[in-house]
Structures are given as C-alpha cells and as structure tokens.
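In what follows, a structure is listed as structure tokens, so that the remarks can point back to it.
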Amino acid sequence: MSKKVIFQGSGVALITPFTEDLSRVDYDMYEKLIEDQIAGGTDALVVAATTGEGSTLSHEEHVEVVSFAVKTAAGRVPVIAGTGSNDTNYAILLSNECEKVGVDGLLMVTPYYNKTSQEGLIEHYNYIAQRVSAPIILYNVPSRTGMTIQPETYRELSRIENIVGTKEATGNISLISKTAALCGDDLAIYSGNDDQILPLMSLGGKGVISVLAHVVPKVAHDIPALYLAGDVEGSRKLQMEYFDLCEALFYDVNPIPVKEAMNMMGWNLGRCRLPLTRMPEAKREKLRAVMEKHGLTA
C-alpha cells in the first residue's frame, strides 16, 4: 500500500517578511503573502525553512511563524514546517512544538556542518520519526549541507512509516532516477529546483517545493498540474518559458533574489537578516531585466 501524499503540485517555500529594522516578523505582510499564494493556486505552504530564513529565526519566532501560517491557511492548503536541524534532539523539540500548533507535515534537512555518514542519516531520521507524529519530508540539498542522501539510504528511510517524501535539490537526475526506482510509491519526490520540475515529474515526482511560486504562483502550480493531467507538452512549454526566471531567482544566495523580485513587484518586503545582505546592483539589474521581460515589475 502506498503512503498518503501530503500534497501534489506546487508548495511555495515561503519567505519570511521582517520589519524595517529586522527585529520582528511583519505578520501583516505575512498574511498578505499567504493569501496571495492561496489565491494564485499554490497547493501547500512550506514555512520557516531555507527560503523562510528559518536559520535566523529564534525558537520562539520559528514556532510563532508556523502557528500563524496554520491559522491563516485555516485548512485551505497544507502547511509544512521546516524543522530540520544538525542537532537531532533539537529537531525533535522543534517538530513537537510545531505539531502542537497543527502543522500537516515537517520538512527536515539533512544535518549540516557536523554532517554524518549514510548510516548516521538512517539513525538520525529513524530516531526523529519515532518521536514525532506528523509526516516527514526529507530535504536533500548538498550545496548547503555538504552531504547527500544516497539512493540506497533513501530506500531504507522510505521503509519508515511517517517518512513520506523528499525535497530533492541535488540537481542530479541520475541519482533521483535511481531513488525513484528503488523507492516507488513509498517516497513522494518533490523537485527542490524550479528549473527541474518537469524532469522530476517524468520520473514519477509529485510536484515542486518552489521559490518561483512567489512571483508567478499560477505558473509554478500549472507546470506540475498540466503534467499530472496528461498535458506534457503544455507543461514543457511553461517550464521552458520561465526557465530564465527560475535561473534569475538564484543570481545570489536564496532568498536574497526572491525578496528583491517581490520588492520590484511592489511588495515592500524589505531585506534578509544577516548574514544575508542586499543584492549587488549589477545582479539586481540583471534580475530586473528578466522580471520586466515577463511583465512582473510594478
């Protein structure tokens, strides 16, 4: 029997807006962002994760952001909280607190900095899975963590009942193909790269956890939705049409460019917290040119 899939389609990796002095979360703007995403067709909200600057949220802020998203979404779309950590016990603590406020799932990045072995990954995730109740989506992003979940490790992890999916941001189609072959319906695969939604869908993927969705939520929704509906050519055309925008949103360290892009659209979302800084002017102008090409500037 295959596992329950938390969502299909586009889950936005939602940014966290801060006040001008960066001291607090701007919840008025956060509510507007959530409503805009739901109205635009986004299928799930992934909050307080990498793009949501979860690493610079205090523990209290992290739980508050998740709680606010759950209350604002009010069951209209699933809310998945970023609760991964390189401290196994802290990942459990944070996950349990997010479960109390009603999240539908947990996004858990691999341990970073201290890292671990493949055997350590299995033990880490198994230990967590036994102590949380919400379904878990793994997050494989070696460019940030310095380690990769191997297909054989995925197979072992997919045997754990409440590990239901993975966000794959390796960019390695061969690795993802092998993972899909080994895990089948025991592991839902989501693209972690907006420029690879269609290739992953062709391997049986369920959708994307998207940065692109901030600026064109309907497009991010439609690329996987068209594929799932059997319109492969329609999906391909959209993927190709917006390839340059997918690329432009990573001209600098995420989420620096997407906050700049949203500001260009008139959102007034301000800056990222340190250590992330403003985009250099040359990169900002390159981003603006792509945004203007797609008619997205205010």
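If you're wondering about the labels, chains in the structure tokens are A, B, ... by order shown, residues count from 1 in each chain, ligands from 1 in order shown.
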
Residues of segment 228-264 of chain A at most 12 Å from segment 52-73 of chain A: nearest atom pair and distance in Å, only C-alpha atoms, as a tab-separated table:
```
residue	atom	partner	partner_atom	distance
A:Val253	CA	A:Glu53	CA	11.5
A:Asn254	CA	A:Glu53	CA	9.2
A:Pro255	CA	A:Gly52	CA	7.6
A:Ile256	CA	A:Glu53	CA	10.1
A:Val258	CA	A:Gly52	CA	10.8
A:Lys259	CA	A:Gly52	CA	10.4
```

Selection from above, N, CA, C and O atoms, as a CSV table (one decimal), in the first residue's frame, can you write it?
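Writing the result to result-v9.csv gives the following:
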```
chain,number,residue,atom,x,y,z
A,253,VAL,N,22.5,34.3,-3.3
A,253,VAL,CA,22.1,33.3,-2.3
A,253,VAL,C,20.6,33.5,-2.0
A,253,VAL,O,20.1,34.5,-1.6
A,254,ASN,N,19.9,32.4,-2.2
A,254,ASN,CA,18.4,32.4,-1.8
A,254,ASN,C,18.3,32.6,-0.3
A,254,ASN,O,19.0,31.9,0.5
A,255,PRO,N,17.3,33.4,0.2
A,255,PRO,CA,16.3,34.1,-0.6
A,255,PRO,C,16.5,35.6,-0.9
A,255,PRO,O,15.6,36.3,-1.1
A,256,ILE,N,17.8,36.0,-1.1
A,256,ILE,CA,18.1,37.4,-1.4
A,256,ILE,C,17.4,37.8,-2.7
A,256,ILE,O,16.6,38.8,-2.7
A,258,VAL,N,14.7,36.5,-4.4
A,258,VAL,CA,13.3,36.5,-4.4
A,258,VAL,C,12.7,37.6,-3.6
A,258,VAL,O,11.7,38.2,-4.0
A,259,LYS,N,13.3,38.0,-2.5
A,259,LYS,CA,12.9,39.2,-1.8
A,259,LYS,C,13.0,40.5,-2.7
A,259,LYS,O,12.1,41.3,-2.7
```

Contacts of Ser10 of chain A within 8 Å, only C-alpha atoms, excl. fewer than 3 positions in-chain, as a PyMOL selection string: chain A and resi 42-44+207-210+213+220-221+224

Which residues of segment 120-195 of chain A sit at most 10 Å from segment 227-251 of chain A, using only C-alpha atoms? Give each one's shortest atom pair and distance in Å (one decimal place), in chain and ascending residue order, as JSON lines.
```
{"residue": "A:Asn193", "atom": "CA", "partner": "A:Cys246", "partner_atom": "CA", "distance": 8.2}
{"residue": "A:Asp194", "atom": "CA", "partner": "A:Cys246", "partner_atom": "CA", "distance": 5.8}
{"residue": "A:Asp195", "atom": "CA", "partner": "A:Cys246", "partner_atom": "CA", "distance": 5.8}
```

Those same residues - all heavy atoms - I'd like them written as a short mmCIF file (atom, residue, chain, number, x, y, z; two decimals), in the first residue's frame.
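The resulting file, again19.cif, is shown below:
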```
data_model
loop_
_atom_site.label_atom_id
_atom_site.label_comp_id
_atom_site.auth_asym_id
_atom_site.auth_seq_id
_atom_site.Cartn_x
_atom_site.Cartn_y
_atom_site.Cartn_z
N ASN A 193 14.33 22.26 -7.15
CA ASN A 193 14.84 23.22 -8.12
C ASN A 193 13.74 23.53 -9.13
O ASN A 193 13.25 22.62 -9.80
CB ASN A 193 16.06 22.66 -8.85
CG ASN A 193 17.23 22.38 -7.92
OD1 ASN A 193 17.42 23.10 -6.94
ND2 ASN A 193 17.99 21.35 -8.20
N ASP A 194 13.37 24.79 -9.25
CA ASP A 194 12.28 25.16 -10.15
C ASP A 194 12.58 24.87 -11.61
O ASP A 194 11.67 24.68 -12.41
CB ASP A 194 11.94 26.65 -9.98
CG ASP A 194 11.18 26.93 -8.70
OD1 ASP A 194 10.12 26.33 -8.49
OD2 ASP A 194 11.67 27.75 -7.89
N ASP A 195 13.87 24.82 -11.97
CA ASP A 195 14.21 24.55 -13.37
C ASP A 195 14.17 23.06 -13.71
O ASP A 195 14.42 22.67 -14.85
CB ASP A 195 15.58 25.14 -13.72
CG ASP A 195 16.71 24.56 -12.88
OD1 ASP A 195 16.44 23.76 -11.95
OD2 ASP A 195 17.88 24.91 -13.14
#
```

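In this structure, atom CA of Lys167 of chain A sits 6.2 Å away from atom CA of Asn140 of chain A.
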
Spatial neighbours of Ala134 of chain A, max dist 9 Å, only C-alpha atoms, sep filter under 6 positions, as a VMD selection string: chain A and resid 95 to 96 99 103 to 106 162

Mind pulling up the distance from atom CA of Ile136 of chain A to atom CA of Glu161 of chain A? 9.4 Å

From A:Val25, A:Leu198, A:Val47, A:Val5, residue lying nearest Gly270 of chain A [only C-alpha atoms]: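 Comparing A:Val25, A:Leu198, A:Val47, A:Val5 against Gly270 of chain A, the winner is A:Val25.
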
Write out as a list in words all residues of segment 100-226 of chain A that DSSP puts in strand (DSSP E or B) for this structure's backbone. Gly105, Leu106, Leu107, Met108, Val109, Ile136, Ile137, Leu138, Tyr139, Asn140, Ile163, Val164, Gly165, Thr166, Lys167, Glu168, Ala188, Ile189, Tyr190, Ser191, Gly207, Val208, Ile209 and Ser210 of chain A

Take the residues that were just selected and, keeping C-alpha atoms, output them as a short mmCIF file (atom, residue, chain, number, x, y, z; two decimals), in the first residue's frame.
```cif
data_model
loop_
_atom_site.label_atom_id
_atom_site.label_comp_id
_atom_site.auth_asym_id
_atom_site.auth_seq_id
_atom_site.Cartn_x
_atom_site.Cartn_y
_atom_site.Cartn_z
CA GLY A 105 3.94 17.94 7.76
CA LEU A 106 7.60 18.53 8.62
CA LEU A 107 10.43 19.37 6.21
CA MET A 108 13.71 18.02 7.56
CA VAL A 109 17.01 18.98 6.01
CA ILE A 136 8.14 13.91 7.31
CA ILE A 137 9.52 15.20 4.00
CA LEU A 138 13.29 14.83 3.83
CA TYR A 139 15.37 17.62 2.28
CA ASN A 140 18.46 16.76 0.24
CA ILE A 163 8.77 9.42 6.22
CA VAL A 164 6.61 10.07 3.19
CA GLY A 165 8.61 12.24 0.80
CA THR A 166 11.73 14.16 -0.10
CA LYS A 167 12.60 17.57 -1.49
CA GLU A 168 15.38 16.81 -3.99
CA ALA A 188 6.95 11.11 -2.87
CA ILE A 189 9.64 13.10 -4.69
CA TYR A 190 9.37 16.88 -4.99
CA SER A 191 11.74 18.98 -7.06
CA GLY A 207 5.50 18.37 -7.72
CA VAL A 208 7.82 21.09 -6.51
CA ILE A 209 8.74 23.00 -3.36
CA SER A 210 9.14 26.29 -5.13
#
```

Please measure the separation of atom CA of Gly102 of chain A and atom CA of Val79 of chain A, giving the value in Å to one decimal. 8.5 Å
